[in-house]
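Enquirer: Input entry-v9.json, format and content: JSON, C-alpha atoms.
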[["chain", "number", "residue", "atom", "x", "y", "z"],
["A", 1498, "MET", "CA", -8.15, 71.87, -18.89],
["A", 1499, "THR", "CA", -5.94, 74.32, -17.06],
["A", 1500, "ALA", "CA", -4.36, 77.38, -18.66],
["A", 1501, "ASP", "CA", -0.76, 76.76, -19.73],
["A", 1502, "LEU", "CA", 2.01, 78.26, -17.61],
["A", 1503, "PHE", "CA", 3.91, 79.23, -20.77],
["A", 1504, "ASP", "CA", 3.77, 79.04, -24.56],
["A", 1505, "ALA", "CA", 5.13, 75.58, -25.36],
["A", 1506, "THR", "CA", 5.18, 76.24, -29.12],
["A", 1507, "ALA", "CA", 7.60, 79.12, -28.56],
["A", 1508, "MET", "CA", 9.82, 76.90, -26.44],
["A", 1509, "TYR", "CA", 9.92, 73.59, -28.30],
["A", 1510, "ASN", "CA", 10.75, 74.71, -31.82],
["A", 1511, "GLU", "CA", 13.53, 74.71, -34.41],
["A", 1512, "ASP", "CA", 15.73, 76.91, -32.22],
["A", 1513, "TYR", "CA", 15.61, 74.27, -29.49],
["A", 1514, "LEU", "CA", 16.67, 71.56, -31.94],
["A", 1515, "TYR", "CA", 19.41, 73.82, -33.33],
["A", 1516, "PHE", "CA", 20.99, 74.34, -29.92],
["A", 1517, "PHE", "CA", 20.33, 70.98, -28.29],
["A", 1518, "ALA", "CA", 19.75, 68.29, -30.93],
["A", 1519, "ALA", "CA", 22.16, 69.05, -33.79],
["A", 1520, "PRO", "CA", 25.22, 66.77, -34.09],
["A", 1521, "ASP", "CA", 27.54, 69.58, -32.96],
["A", 1522, "ALA", "CA", 25.18, 71.04, -30.36],
["A", 1523, "GLN", "CA", 26.33, 71.71, -26.82],
["A", 1524, "ALA", "CA", 24.13, 70.05, -24.22],
["A", 1525, "PRO", "CA", 22.86, 72.45, -21.56],
["A", 1526, "THR", "CA", 23.71, 72.13, -17.90],
["A", 1527, "HIS", "CA", 20.04, 72.19, -16.98],
["A", 1528, "GLY", "CA", 16.91, 72.22, -19.08],
["A", 1529, "PRO", "CA", 13.71, 70.46, -20.00],
["A", 1530, "LEU", "CA", 14.06, 67.41, -22.22],
["A", 1531, "VAL", "CA", 17.80, 67.20, -21.61],
["A", 1532, "GLY", "CA", 19.42, 64.78, -19.17],
["A", 1533, "THR", "CA", 23.07, 65.76, -19.30],
["A", 1534, "ALA", "CA", 24.09, 63.22, -16.67],
["A", 1535, "TYR", "CA", 23.60, 60.45, -19.23],
["A", 1536, "PRO", "CA", 26.67, 60.22, -21.48],
["A", 1537, "GLY", "CA", 24.61, 58.92, -24.39],
["A", 1538, "VAL", "CA", 21.26, 57.54, -25.41],
["A", 1539, "ASP", "CA", 22.49, 53.95, -25.02],
["A", 1540, "THR", "CA", 23.29, 54.60, -21.37],
["A", 1541, "ALA", "CA", 19.82, 56.03, -20.75],
["A", 1542, "ALA", "CA", 18.22, 53.15, -22.65],
["A", 1543, "ASP", "CA", 20.26, 50.63, -20.64],
["A", 1544, "LEU", "CA", 19.08, 52.22, -17.40],
["A", 1545, "VAL", "CA", 15.42, 52.25, -18.46],
["A", 1546, "TRP", "CA", 15.68, 48.67, -19.66],
["A", 1547, "ARG", "CA", 17.07, 47.49, -16.33],
["A", 1548, "LEU", "CA", 14.94, 49.53, -13.93],
["A", 1549, "LEU", "CA", 11.68, 48.73, -15.72],
["A", 1550, "GLY", "CA", 12.51, 45.12, -16.57],
["A", 1551, "LEU", "CA", 11.82, 45.73, -20.24],
["A", 1552, "ASP", "CA", 11.67, 42.93, -22.77],
["A", 1553, "GLU", "CA", 11.12, 42.65, -26.51],
["A", 1554, "GLY", "CA", 7.50, 43.06, -27.52],
["A", 1555, "MET", "CA", 6.47, 45.13, -24.51],
["A", 1556, "ARG", "CA", 4.21, 48.09, -25.19],
["A", 1557, "VAL", "CA", 5.93, 51.28, -24.01],
["A", 1558, "LEU", "CA", 4.51, 54.82, -23.91],
["A", 1559, "ASP", "CA", 6.96, 57.74, -23.83],
["A", 1560, "VAL", "CA", 4.96, 60.73, -22.51],
["A", 1561, "GLY", "CA", 6.57, 63.99, -23.62],
["A", 1562, "CYS", "CA", 8.86, 62.10, -25.99],
["A", 1563, "GLY", "CA", 10.42, 65.23, -27.50],
["A", 1564, "HIS", "CA", 12.33, 64.50, -30.68],
["A", 1565, "GLY", "CA", 12.24, 60.78, -30.00],
["A", 1566, "VAL", "CA", 15.79, 59.93, -28.95],
["A", 1567, "LEU", "CA", 14.88, 57.44, -26.22],
["A", 1568, "ALA", "CA", 11.71, 56.19, -27.94],
["A", 1569, "ASN", "CA", 13.69, 55.32, -31.07],
["A", 1570, "ALA", "CA", 16.39, 53.59, -29.04],
["A", 1571, "LEU", "CA", 13.89, 51.40, -27.20],
["A", 1572, "ALA", "CA", 12.08, 50.55, -30.44],
["A", 1573, "ALA", "CA", 15.39, 49.48, -31.95],
["A", 1574, "ARG", "CA", 15.71, 47.01, -29.06],
["A", 1575, "GLY", "CA", 12.37, 45.42, -29.89],
["A", 1576, "CYS", "CA", 9.80, 47.27, -27.78],
["A", 1577, "ARG", "CA", 6.52, 48.40, -29.34],
["A", 1578, "VAL", "CA", 6.86, 52.10, -28.60],
["A", 1579, "THR", "CA", 4.38, 54.95, -28.75],
["A", 1580, "GLY", "CA", 5.69, 58.49, -28.33],
["A", 1581, "LEU", "CA", 3.38, 61.36, -27.42],
["A", 1582, "ASP", "CA", 4.31, 65.04, -27.58],
["A", 1583, "SER", "CA", 2.59, 68.38, -28.12],
["A", 1584, "SER", "CA", 5.31, 69.76, -30.43],
["A", 1585, "GLU", "CA", 4.78, 69.02, -34.12],
["A", 1586, "VAL", "CA", 8.32, 70.29, -34.76],
["A", 1587, "PHE", "CA", 9.75, 67.65, -32.43],
["A", 1588, "LEU", "CA", 7.50, 64.92, -33.80],
["A", 1589, "ARG", "CA", 8.60, 65.59, -37.38],
["A", 1590, "ARG", "CA", 12.20, 65.21, -36.27],
["A", 1591, "ALA", "CA", 11.36, 62.05, -34.28],
["A", 1592, "ARG", "CA", 9.64, 60.42, -37.25],
["A", 1593, "ALA", "CA", 12.50, 61.31, -39.59],
["A", 1594, "ASP", "CA", 15.12, 59.92, -37.22],
["A", 1595, "ALA", "CA", 13.08, 56.75, -36.69],
["A", 1596, "ALA", "CA", 12.78, 56.21, -40.44],
["A", 1597, "ALA", "CA", 16.51, 56.78, -40.93],
["A", 1598, "ALA", "CA", 17.31, 54.24, -38.20],
["A", 1599, "GLY", "CA", 14.75, 51.70, -39.35],
["A", 1600, "ALA", "CA", 12.90, 51.93, -36.02],
["A", 1601, "GLU", "CA", 9.12, 51.54, -35.89],
["A", 1602, "VAL", "CA", 7.55, 54.01, -33.46],
["A", 1603, "GLU", "CA", 3.98, 55.29, -33.32],
["A", 1604, "TYR", "CA", 4.31, 59.04, -32.83],
["A", 1605, "VAL", "CA", 1.17, 60.84, -31.69],
["A", 1606, "ALA", "CA", 0.51, 64.55, -31.33],
["A", 1607, "GLY", "CA", -1.31, 65.04, -28.07],
["A", 1608, "ASP", "CA", -1.58, 66.49, -24.59],
["A", 1609, "MET", "CA", -0.34, 64.54, -21.57],
["A", 1610, "ARG", "CA", -3.15, 66.08, -19.52],
["A", 1611, "ARG", "CA", -5.71, 64.15, -21.58],
["A", 1612, "LEU", "CA", -4.37, 60.95, -23.09],
["A", 1613, "PRO", "CA", -6.57, 59.15, -25.66],
["A", 1614, "GLY", "CA", -9.55, 57.43, -24.10],
["A", 1615, "ASP", "CA", -8.91, 54.15, -25.89],
["A", 1616, "TRP", "CA", -5.45, 53.86, -24.33],
["A", 1617, "THR", "CA", -6.81, 52.68, -20.96],
["A", 1618, "GLY", "CA", -4.72, 49.70, -19.80],
["A", 1619, "ARG", "CA", -2.87, 49.57, -23.14],
["A", 1620, "PHE", "CA", 0.76, 49.84, -22.04],
["A", 1621, "ASP", "CA", 3.14, 47.59, -20.12],
["A", 1622, "ARG", "CA", 5.44, 50.49, -19.27],
["A", 1623, "VAL", "CA", 5.18, 54.29, -19.25],
["A", 1624, "LEU", "CA", 8.12, 56.71, -19.41],
["A", 1625, "SER", "CA", 8.43, 60.39, -18.58],
["A", 1626, "TRP", "CA", 12.06, 61.17, -19.36],
["A", 1627, "THR", "CA", 14.45, 64.14, -19.21],
["A", 1628, "THR", "CA", 12.27, 66.40, -17.09],
["A", 1629, "ALA", "CA", 9.16, 66.05, -19.25],
["A", 1630, "TYR", "CA", 6.91, 66.38, -16.18],
["A", 1631, "GLY", "CA", 5.93, 69.33, -13.99],
["A", 1632, "TYR", "CA", 4.87, 72.05, -16.46],
["A", 1633, "PHE", "CA", 1.40, 72.79, -15.07],
["A", 1634, "ASP", "CA", -0.18, 73.86, -11.79],
["A", 1635, "ASP", "CA", -0.18, 71.26, -9.03],
["A", 1636, "PRO", "CA", -3.73, 69.91, -9.51],
["A", 1637, "THR", "CA", -2.98, 69.40, -13.21],
["A", 1638, "ASN", "CA", 0.40, 67.81, -12.54],
["A", 1639, "ARG", "CA", -1.42, 65.35, -10.29],
["A", 1640, "ALA", "CA", -3.97, 64.73, -13.04],
["A", 1641, "VAL", "CA", -1.12, 63.86, -15.42],
["A", 1642, "LEU", "CA", -0.02, 61.14, -12.98],
["A", 1643, "ALA", "CA", -3.57, 59.81, -12.98],
["A", 1644, "GLU", "CA", -3.55, 59.68, -16.78],
["A", 1645, "MET", "CA", -0.28, 57.74, -16.72],
["A", 1646, "ALA", "CA", -1.80, 55.29, -14.25],
["A", 1647, "ARG", "CA", -4.92, 54.91, -16.40],
["A", 1648, "VAL", "CA", -3.05, 53.86, -19.53],
["A", 1649, "LEU", "CA", -0.89, 51.33, -17.66],
["A", 1650, "ARG", "CA", -2.10, 47.76, -17.44],
["A", 1651, "PRO", "CA", -2.39, 46.25, -13.94],
["A", 1652, "GLY", "CA", 1.13, 45.28, -12.93],
["A", 1653, "GLY", "CA", 2.63, 47.82, -15.31],
["A", 1654, "ARG", "CA", 5.47, 50.10, -14.31],
["A", 1655, "LEU", "CA", 6.33, 53.77, -14.60],
["A", 1656, "ALA", "CA", 9.71, 55.53, -14.75],
["A", 1657, "MET", "CA", 10.14, 59.30, -14.41],
["A", 1658, "ASP", "CA", 13.48, 61.06, -14.94],
["A", 1659, "LEU", "CA", 13.69, 64.49, -13.27],
["A", 1660, "ASP", "CA", 16.20, 66.96, -11.91],
["A", 1661, "ASN", "CA", 17.54, 65.84, -8.54],
["A", 1662, "LEU", "CA", 16.45, 68.80, -6.45],
["A", 1663, "THR", "CA", 19.36, 68.69, -4.00],
["A", 1664, "SER", "CA", 22.14, 68.92, -6.56],
["A", 1665, "TYR", "CA", 20.09, 71.08, -8.95],
["A", 1666, "LEU", "CA", 19.57, 73.90, -6.50],
["A", 1667, "GLY", "CA", 23.16, 73.69, -5.33],
["A", 1668, "SER", "CA", 24.45, 74.46, -8.82],
["A", 1669, "LEU", "CA", 21.77, 76.87, -10.08],
["A", 1670, "PRO", "CA", 23.12, 80.42, -10.57],
["A", 1671, "PRO", "CA", 20.91, 83.49, -11.14],
["A", 1672, "SER", "CA", 21.77, 83.35, -14.84],
["A", 1673, "ARG", "CA", 23.96, 81.41, -17.27],
["A", 1674, "ILE", "CA", 24.76, 80.89, -20.92],
["A", 1675, "THR", "CA", 23.15, 77.51, -21.34],
["A", 1676, "ALA", "CA", 24.26, 76.71, -24.90],
["A", 1677, "ARG", "CA", 26.45, 78.24, -27.58],
["A", 1678, "ARG", "CA", 26.92, 77.52, -31.28],
["A", 1679, "GLY", "CA", 28.42, 79.14, -34.34],
["A", 1680, "ASP", "CA", 29.47, 82.77, -34.60],
["A", 1681, "GLY", "CA", 27.77, 84.37, -31.62],
["A", 1682, "ASP", "CA", 24.72, 82.08, -31.57],
["A", 1683, "LEU", "CA", 23.84, 81.45, -27.95],
["A", 1684, "LEU", "CA", 21.07, 80.67, -25.53],
["A", 1685, "ALA", "CA", 21.10, 82.38, -22.11],
["A", 1686, "ASP", "CA", 18.78, 81.81, -19.15],
["A", 1687, "ARG", "CA", 17.83, 83.92, -16.15],
["A", 1688, "HIS", "CA", 16.29, 81.96, -13.26],
["A", 1689, "HIS", "CA", 13.74, 82.80, -10.62],
["A", 1690, "LEU", "CA", 12.67, 80.22, -8.02],
["A", 1691, "ASP", "CA", 9.53, 80.80, -5.99],
["A", 1692, "PRO", "CA", 10.13, 79.01, -2.65],
["A", 1693, "LEU", "CA", 6.40, 79.01, -1.86],
["A", 1694, "THR", "CA", 5.46, 76.99, -4.96],
["A", 1695, "ALA", "CA", 8.78, 75.34, -5.95],
["A", 1696, "LEU", "CA", 8.15, 76.76, -9.42],
["A", 1697, "LEU", "CA", 11.25, 77.71, -11.37],
["A", 1698, "THR", "CA", 10.61, 80.41, -13.97],
["A", 1699, "VAL", "CA", 13.23, 80.90, -16.66],
["A", 1700, "GLU", "CA", 13.56, 83.92, -18.93],
["A", 1701, "ARG", "CA", 15.40, 82.64, -21.99],
["A", 1702, "THR", "CA", 17.13, 84.82, -24.56],
["A", 1703, "VAL", "CA", 17.95, 83.17, -27.89],
["A", 1704, "VAL", "CA", 20.50, 84.84, -30.15],
["A", 1705, "ARG", "CA", 20.74, 83.25, -33.59],
["A", 1706, "ASP", "CA", 21.95, 84.66, -36.91],
["A", 1707, "GLY", "CA", 22.24, 88.10, -35.35],
["A", 1708, "ALA", "CA", 18.61, 88.23, -34.17],
["A", 1709, "ALA", "CA", 17.44, 87.92, -30.57],
["A", 1710, "ARG", "CA", 14.17, 86.79, -29.08],
["A", 1711, "THR", "CA", 13.03, 86.26, -25.50],
["A", 1712, "LEU", "CA", 10.63, 83.71, -24.11],
["A", 1713, "THR", "CA", 9.65, 82.46, -20.67],
["A", 1714, "PHE", "CA", 9.00, 78.94, -19.45],
["A", 1715, "ALA", "CA", 8.38, 77.42, -16.03],
["A", 1716, "LYS", "CA", 8.70, 74.01, -14.43],
["A", 1717, "ARG", "CA", 7.84, 72.55, -11.05],
["A", 1718, "LEU", "CA", 10.73, 71.17, -9.01],
["A", 1719, "PHE", "CA", 10.21, 68.08, -6.86],
["A", 1720, "ALA", "CA", 11.94, 66.39, -3.97],
["A", 1721, "PHE", "CA", 11.45, 62.62, -3.82],
["A", 1722, "PRO", "CA", 9.23, 62.48, -0.70],
["A", 1723, "GLU", "CA", 6.69, 64.83, -2.29],
["A", 1724, "LEU", "CA", 6.56, 63.00, -5.62],
["A", 1725, "ARG", "CA", 6.43, 59.65, -3.79],
["A", 1726, "ASP", "CA", 3.37, 60.84, -1.87],
["A", 1727, "TRP", "CA", 1.71, 62.11, -5.06],
["A", 1728, "LEU", "CA", 2.30, 58.77, -6.77],
["A", 1729, "ALA", "CA", 0.97, 56.84, -3.78],
["A", 1730, "ALA", "CA", -2.14, 59.03, -3.68],
["A", 1731, "THR", "CA", -2.66, 58.28, -7.38],
["A", 1732, "GLY", "CA", -2.65, 54.56, -6.63],
["A", 1733, "PHE", "CA", 0.94, 53.57, -7.42],
["A", 1734, "ASP", "CA", 3.02, 51.39, -5.10],
["A", 1735, "ASP", "CA", 6.56, 49.98, -4.95],
["A", 1736, "ILE", "CA", 7.91, 53.53, -5.37],
["A", 1737, "SER", "CA", 11.70, 53.95, -5.47],
["A", 1738, "ALA", "CA", 14.27, 56.55, -6.53],
["A", 1739, "TYR", "CA", 17.64, 56.15, -8.25],
["A", 1740, "GLY", "CA", 20.37, 58.34, -9.65],
["A", 1741, "GLU", "CA", 21.63, 58.40, -13.22],
["A", 1742, "ASP", "CA", 23.93, 55.45, -12.44],
["A", 1743, "GLY", "CA", 21.01, 53.27, -11.34],
["A", 1744, "ARG", "CA", 22.03, 53.29, -7.68],
["A", 1745, "PRO", "CA", 19.74, 54.47, -4.88],
["A", 1746, "LEU", "CA", 19.31, 58.24, -5.02],
["A", 1747, "ARG", "CA", 21.95, 60.35, -3.27],
["A", 1748, "ALA", "CA", 22.30, 64.10, -2.83],
["A", 1749, "GLU", "CA", 25.12, 64.31, -5.36],
["A", 1750, "HIS", "CA", 23.24, 62.63, -8.20],
["A", 1751, "HIS", "CA", 22.33, 64.99, -11.05],
["A", 1752, "ARG", "CA", 19.18, 63.09, -12.01],
["A", 1753, "MET", "CA", 16.33, 61.53, -10.00],
["A", 1754, "VAL", "CA", 14.77, 58.47, -11.62],
["A", 1755, "VAL", "CA", 11.56, 57.49, -9.85],
["A", 1756, "THR", "CA", 9.97, 54.11, -10.53],
["A", 1757, "ALA", "CA", 6.53, 52.94, -9.46],
["A", 1758, "SER", "CA", 4.10, 50.11, -10.15],
["A", 1759, "ARG", "CA", 0.39, 50.01, -10.82],
["A", 1760, "PRO", "CA", -1.21, 47.29, -8.64]]
Please lay out the structure from this file as structure tokens.

Expert:
Amino acid sequence: MTADLFDATAMYNEDYLYFFAAPDAQAPTHGPLVGTAYPGVDTAADLVWRLLGLDEGMRVLDVGCGHGVLANALAARGCRVTGLDSSEVFLRRARADAAAAGAEVEYVAGDMRRLPGDWTGRFDRVLSWTTAYGYFDDPTNRAVLAEMARVLRPGGRLAMDLDNLTSYLGSLPPSRITARRGDGDLLADRHHLDPLTALLTVERTVVRDGAARTLTFAKRLFAFPELRDWLAATGFDDISAYGEDGRPLRAEHHRMVVTASRP
């Protein structure tokens, strides 16, 4: 298993939920686990339902499910959903929200680089939503695709929601205040893009209750042709790309939703 590019436990914690998942939180313009182009979870769930041809009773795996917003929504519509994430903080929130909503979701603490061995061919559909992919070196990112393929049944389908590189880079400043709450509580990011690796490194400063801390995270950016070729090399076919409105991907779309099938 490869060394992590950053400390995920320092990134996906209570501060993240405070700024991005509280009822009065301000959604960031860009950021992992946040798809701001979707006005609400129902819109995202509608899009997933249509693009993947979902139906009640289907087994769905949400890889990198975060605090379970989409997983809970799909379970409420009748899918048999499993959510996997490495953050125990997020999983506690996901389970609590599922219980409050009366949704049945199997939440599993785990690593997307090594999905459980007994999951081979278990799922009808696999999701990787709100930029939950691309947090390792390239060989490992490719291995994650192979794991997703392994747990899909033959004929199963995959959907990945990522930043649309064209519009993302066009609106990415050197730094920005990404979120703000309360009396002076804020989250500010400084960005560095390596053009040789397409790796975006972000130095994040969190100011909360008068105290400041700094952390760093990184994510791989993808254009569709590259990810299409990676998926094809992994064994997927019928690979397509859409924007957040479900139409074929255009430069001005904020999100890139890539779908693929396992033969």

Enquirer: Kindly indicate which residue among A:Asp1682, A:Glu1553, A:Arg1619, A:Arg1610 lies nearest to Pro1636 (chain A), using all atoms listed in the file for the distances.

Expert: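 Checking each candidate against Pro1636 (chain A), we get A:Arg1610 as the closest.
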
Enquirer: Which residue is closest to Trp1727 (chain A)? Choose from A:Ala1593, A:Ala1640, A:Leu1581, A:Met1609 and count only C-alpha atoms.

Expert: A:Ala1640

Enquirer: Restricting the calculation to only C-alpha atoms, which member of A:Phe1714, A:Ala1519, A:Thr1731, A:Gly1618 is positioned closest to Asp1504 (chain A)?

Expert: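 Counting only C-alpha atoms, the residue closest to Asp1504 (chain A) is A:Phe1714.
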
Enquirer: Need the shell around Glu1511 (chain A): protein/DNA/RNA residues with any atom at most 12 Å away, counting only C-alpha atoms. Skip same-chain ones fewer than 5 positions apart. Format as a list of chain:residue names?

Expert: A:Thr1506, A:Phe1516, A:Phe1517, A:Ala1518, A:Ala1519, A:His1564, A:Ser1584, A:Glu1585, A:Val1586, A:Phe1587, A:Leu1588, A:Arg1589, A:Arg1590, A:Val1703, A:Arg1705

Enquirer: Which polymer residues have any atom within 12 Å of an atom of Ser1668 (chain A), counting all atoms listed in the file, with same-chain residues fewer than 5 positions away left out, as a list in words?

Expert: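 The filter keeps Thr1526, His1527, Asp1660, Asn1661, Leu1662, Thr1663, Arg1673, His1688, Glu1749, His1750 and His1751 of chain A.
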
Enquirer: Emit a file covering region 1663-1681 of chain A of the preceding structure with N, CA, C and O atoms, as a PDB file, in the first residue's frame.

Expert:
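Below is the file that was written, out.pdb:
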ATOM      1  N   THR A1663     -11.642  21.901 -17.053  1.00  0.00           N
ATOM      2  CA  THR A1663     -11.631  23.130 -17.848  1.00  0.00           C
ATOM      3  C   THR A1663     -12.156  24.318 -17.058  1.00  0.00           C
ATOM      4  O   THR A1663     -11.503  25.358 -16.972  1.00  0.00           O
ATOM      5  N   SER A1664     -13.323  24.160 -16.451  1.00  0.00           N
ATOM      6  CA  SER A1664     -13.894  25.275 -15.699  1.00  0.00           C
ATOM      7  C   SER A1664     -13.190  25.443 -14.350  1.00  0.00           C
ATOM      8  O   SER A1664     -13.067  26.571 -13.845  1.00  0.00           O
ATOM      9  N   TYR A1665     -12.714  24.362 -13.769  1.00  0.00           N
ATOM     10  CA  TYR A1665     -12.040  24.430 -12.474  1.00  0.00           C
ATOM     11  C   TYR A1665     -10.794  25.298 -12.539  1.00  0.00           C
ATOM     12  O   TYR A1665     -10.604  26.219 -11.734  1.00  0.00           O
ATOM     13  N   LEU A1666      -9.945  25.023 -13.504  1.00  0.00           N
ATOM     14  CA  LEU A1666      -8.711  25.782 -13.623  1.00  0.00           C
ATOM     15  C   LEU A1666      -8.971  27.232 -14.005  1.00  0.00           C
ATOM     16  O   LEU A1666      -8.241  28.139 -13.602  1.00  0.00           O
ATOM     17  N   GLY A1667     -10.036  27.471 -14.756  1.00  0.00           N
ATOM     18  CA  GLY A1667     -10.359  28.822 -15.162  1.00  0.00           C
ATOM     19  C   GLY A1667     -10.822  29.711 -14.026  1.00  0.00           C
ATOM     20  O   GLY A1667     -10.809  30.942 -14.151  1.00  0.00           O
ATOM     21  N   SER A1668     -11.244  29.107 -12.915  1.00  0.00           N
ATOM     22  CA  SER A1668     -11.757  29.898 -11.792  1.00  0.00           C
ATOM     23  C   SER A1668     -10.950  29.696 -10.514  1.00  0.00           C
ATOM     24  O   SER A1668     -11.387  30.086  -9.439  1.00  0.00           O
ATOM     25  N   LEU A1669      -9.753  29.109 -10.632  1.00  0.00           N
ATOM     26  CA  LEU A1669      -8.960  28.785  -9.448  1.00  0.00           C
ATOM     27  C   LEU A1669      -7.933  29.886  -9.183  1.00  0.00           C
ATOM     28  O   LEU A1669      -6.955  30.016  -9.912  1.00  0.00           O
ATOM     29  N   PRO A1670      -8.132  30.701  -8.136  1.00  0.00           N
ATOM     30  CA  PRO A1670      -7.163  31.747  -7.817  1.00  0.00           C
ATOM     31  C   PRO A1670      -6.020  31.177  -6.971  1.00  0.00           C
ATOM     32  O   PRO A1670      -6.102  30.045  -6.487  1.00  0.00           O
ATOM     33  N   PRO A1671      -4.937  31.953  -6.769  1.00  0.00           N
ATOM     34  CA  PRO A1671      -3.853  31.464  -5.910  1.00  0.00           C
ATOM     35  C   PRO A1671      -4.306  31.162  -4.485  1.00  0.00           C
ATOM     36  O   PRO A1671      -3.784  30.258  -3.840  1.00  0.00           O
ATOM     37  N   SER A1672      -5.275  31.915  -3.979  1.00  0.00           N
ATOM     38  CA  SER A1672      -5.791  31.672  -2.640  1.00  0.00           C
ATOM     39  C   SER A1672      -7.212  32.193  -2.563  1.00  0.00           C
ATOM     40  O   SER A1672      -7.641  33.022  -3.371  1.00  0.00           O
ATOM     41  N   ARG A1673      -7.971  31.691  -1.567  1.00  0.00           N
ATOM     42  CA  ARG A1673      -9.339  32.180  -1.361  1.00  0.00           C
ATOM     43  C   ARG A1673      -9.818  31.785   0.025  1.00  0.00           C
ATOM     44  O   ARG A1673      -9.339  30.803   0.609  1.00  0.00           O
ATOM     45  N   ILE A1674     -10.755  32.572   0.541  1.00  0.00           N
ATOM     46  CA  ILE A1674     -11.510  32.145   1.717  1.00  0.00           C
ATOM     47  C   ILE A1674     -12.594  31.222   1.217  1.00  0.00           C
ATOM     48  O   ILE A1674     -13.505  31.633   0.498  1.00  0.00           O
ATOM     49  N   THR A1675     -12.489  29.974   1.566  1.00  0.00           N
ATOM     50  CA  THR A1675     -13.371  28.953   1.015  1.00  0.00           C
ATOM     51  C   THR A1675     -14.684  28.855   1.773  1.00  0.00           C
ATOM     52  O   THR A1675     -15.719  28.545   1.193  1.00  0.00           O
ATOM     53  N   ALA A1676     -14.669  29.102   3.085  1.00  0.00           N
ATOM     54  CA  ALA A1676     -15.887  29.034   3.879  1.00  0.00           C
ATOM     55  C   ALA A1676     -15.748  29.959   5.075  1.00  0.00           C
ATOM     56  O   ALA A1676     -14.651  30.207   5.564  1.00  0.00           O
ATOM     57  N   ARG A1677     -16.902  30.449   5.552  1.00  0.00           N
ATOM     58  CA  ARG A1677     -16.889  31.364   6.685  1.00  0.00           C
ATOM     59  C   ARG A1677     -18.129  31.091   7.537  1.00  0.00           C
ATOM     60  O   ARG A1677     -19.231  30.880   7.009  1.00  0.00           O
ATOM     61  N   ARG A1678     -17.932  31.107   8.856  1.00  0.00           N
ATOM     62  CA  ARG A1678     -19.052  30.931   9.781  1.00  0.00           C
ATOM     63  C   ARG A1678     -18.795  31.716  11.052  1.00  0.00           C
ATOM     64  O   ARG A1678     -17.645  31.924  11.455  1.00  0.00           O
ATOM     65  N   GLY A1679     -19.854  32.124  11.702  1.00  0.00           N
ATOM     66  CA  GLY A1679     -19.754  32.692  13.045  1.00  0.00           C
ATOM     67  C   GLY A1679     -18.942  33.967  13.096  1.00  0.00           C
ATOM     68  O   GLY A1679     -18.774  34.680  12.119  1.00  0.00           O
ATOM     69  N   ASP A1680     -18.431  34.269  14.285  1.00  0.00           N
ATOM     70  CA  ASP A1680     -17.653  35.479  14.525  1.00  0.00           C
ATOM     71  C   ASP A1680     -16.184  35.234  14.211  1.00  0.00           C
ATOM     72  O   ASP A1680     -15.386  34.878  15.083  1.00  0.00           O
ATOM     73  N   GLY A1681     -15.826  35.407  12.955  1.00  0.00           N
ATOM     74  CA  GLY A1681     -14.433  35.253  12.563  1.00  0.00           C
ATOM     75  C   GLY A1681     -14.003  33.847  12.239  1.00  0.00           C
ATOM     76  O   GLY A1681     -12.842  33.632  11.879  1.00  0.00           O
TER      77      GLY A1681
END
